[in-house]
Amino acid sequence: MTDTVTDINSIEDDDVLQKMLNKTDDFDERKKLRSRIREIRDKKRDEREADTKKRDLGRQDEIKRRAQLADEEKKARLKKFEEMAKTHKDESLVQKTDFVKRKAMEDEAAKQRKLKAFDEEAKHSRGGEIGKFSEDVQKMKKEQADKAKATQLQAFENIAKDEAFEKTIKDVTADDGRTTTVLKTSSKTTSSTTGFGGTQFTKKPPAKPQGARGAMAAFKQMDSQNAPKTKPNMLMALPLTAIRRNANSIKQEILSFVQANIREYENIEVKNFSSAWNDGMAFCALIHHFFPNAFDYSKLEPKNRRYNFTLAFDTAEKEADIAPLLDVEDMVRMLKPDWKCVFTYVQSLYRGLRNREVNMHKPEQ
């Protein structure tokens with residue numbers, strides 16, 4: 001039995017012990033074999049764990065060593081880059097300095113060439129001759145003068161073409177007791193004069209001068225035709241202030257027409273032809289007064305500007321056949337519209353709606 005125990009303790013292979021365990025039926029021997037198998041397996045497990053720890057330590061040491069080598073290599077590379085950058089910076093500074101010096105020399109040479117050319121030009125300009133530089137100055141001054149002159153003539157032409165003057169002069173009495181009626185349209189101007197000798201008619205020719213001097217030439221032609229002659233019964237020239245006064249009266253007449261027809265609408269006050277119309281409510285009120293069944297005015301709001309303009313313009317065109325002379329997008333973009341554009345459209349509304357009102361009250365024949 002002792003020899004068997006000695007033999008079991010000397011065996012280091014658990015497979016051999018496992019075969020012996022399978023062959024014996026002795027309880028004590030099987031117990032010793034199992035105990036020896038556990039010892040061998042525990043020993044092997046401890047050896048494996050020791051090897052694993054050893055390998056882990058070696059791996060960590062290798063990682064540290066590689067990290068240290070990488071840091072040293074990085075420091076060496078950075079040092080090399082710094083040395084290269086310093087050398088490149090010194091070379092760039094030298095090149096930049098040389099470039100600046102060379103550029104300064106070239107500029108100085110170009111300056112000297114220009115001064116020499118100016119001196120030569122000054123020598124050839126003796127005896128009252130004007131050099132090229134002086135000619136350019138004179139040409140520029142002449143262009144500025146022509147531009148200012150054209151601007152003044154354009155102002156006269158704008159006055160002559162302004163639609164506010166259409167059909168604005170009626171029954172003007174001159175100092176000699178004669179009554180002059182002038183009716184201006186887009187195509188011709190017809191004047192009738194009533195005096196002691198009866199009624200005289202003068203017509204302006206349909207063709208008028210074109211170009212920048214067109215308006216001034218037209219005014220001079222009118223002055224020459226209407227200037228007083230030796231005979232006391234000739235047509236007198238009408239002052240420009242009278243024309244302006246009649247234009248203002250037309251504007252006031254249309255403005256009064258609008259105010260009278262939107263009086264019952266609250267929070268709408270029309271005193272001009274610009275900002276008072278910028279939300280479309282005034283257009284809607286004026287059209288709703290003549291066409292109350294076209295839309296529900298109480299549901300309109302000033303903030304819905306695009307809708308208000310579209311509703312007013314479409315209703316006027318549909319109900320009264322008045323063309324929409326204003327563009328909805330332009331009116332939405334401008335908080336202070338051009339009064340001339342607004343006045344032109346309101347004048348169309350005035351004519352169309354007034355004629356409708358007159359026809360409604362006209363007795364049937």
# chains A, B, ... in the order shown; residues from 1 in each chain; ligands from 1
call {"tool": "residues_around", "arguments": {"residues": "region 256-258 of chain A", "least_positions_apart": "5", "cutoff": "12 Å", "atoms": "only C-alpha atoms", "output": "PyMOL selection string"}}
result
chain A and resi 249-251+263-265+268-273+276-277+282-287+289-290+343+346-347+349-351+353-354+357
call {"tool": "write_last_selection", "arguments": {"atoms": "C-alpha atoms", "output": "compact mmCIF listing (two decimals), in the first residue's frame"}}
result
# COMPACT_ATOMS: atom_id res chain seq x y z
CA SER A 249 -57.28 121.90 -58.19
CA ILE A 250 -57.72 118.65 -60.18
CA LYS A 251 -55.86 116.70 -57.51
CA ARG A 263 -66.71 108.80 -45.19
CA GLU A 264 -68.75 105.97 -43.65
CA TYR A 265 -65.74 103.63 -43.35
CA ILE A 268 -59.54 105.30 -43.03
CA GLU A 269 -58.23 108.81 -43.60
CA VAL A 270 -57.07 109.81 -47.06
CA LYS A 271 -55.13 113.07 -47.23
CA ASN A 272 -52.60 112.27 -49.97
CA PHE A 273 -51.92 109.97 -52.90
CA ALA A 276 -52.70 106.82 -47.29
CA TRP A 277 -53.05 104.02 -49.89
CA ALA A 282 -58.64 102.88 -49.07
CA PHE A 283 -58.92 101.18 -52.49
CA CYS A 284 -61.23 98.51 -51.03
CA ALA A 285 -63.41 101.11 -49.25
CA LEU A 286 -63.83 103.26 -52.38
CA ILE A 287 -64.75 100.26 -54.56
CA HIS A 289 -68.94 101.95 -51.67
CA PHE A 290 -70.04 101.52 -55.29
CA PHE A 343 -52.82 109.35 -58.61
CA VAL A 346 -57.18 106.82 -58.63
CA GLN A 347 -57.92 109.19 -61.51
CA LEU A 349 -61.26 105.06 -60.65
CA TYR A 350 -62.63 108.60 -60.39
CA ARG A 351 -63.64 108.65 -64.04
CA LEU A 353 -66.95 105.34 -60.83
CA ARG A 354 -68.20 108.89 -61.36
CA GLU A 357 -72.83 107.18 -60.59
call {"tool": "atom_distance", "arguments": {"atom1": "CA of Val332 (chain A)", "atom2": "CA of Asp279 (chain A)"}}
result
8.0 Å
call {"tool": "closest_residue", "arguments": {"among": "A:Thr315, A:Asn246, A:Gln144, A:Ser348", "to": "Phe291 (chain A)", "atoms": "only C-alpha atoms"}}
result
A:Thr315
call {"tool": "residues_around", "arguments": {"residues": "region 36-43 of chain A", "least_positions_apart": "2", "cutoff": "12 Å", "atoms": "only C-alpha atoms", "output": "count of residues only"}}
result
29
call {"tool": "atom_distance", "arguments": {"atom1": "CA of Asn308 (chain A)", "atom2": "CA of Asp327 (chain A)"}}
result
12.5 Å
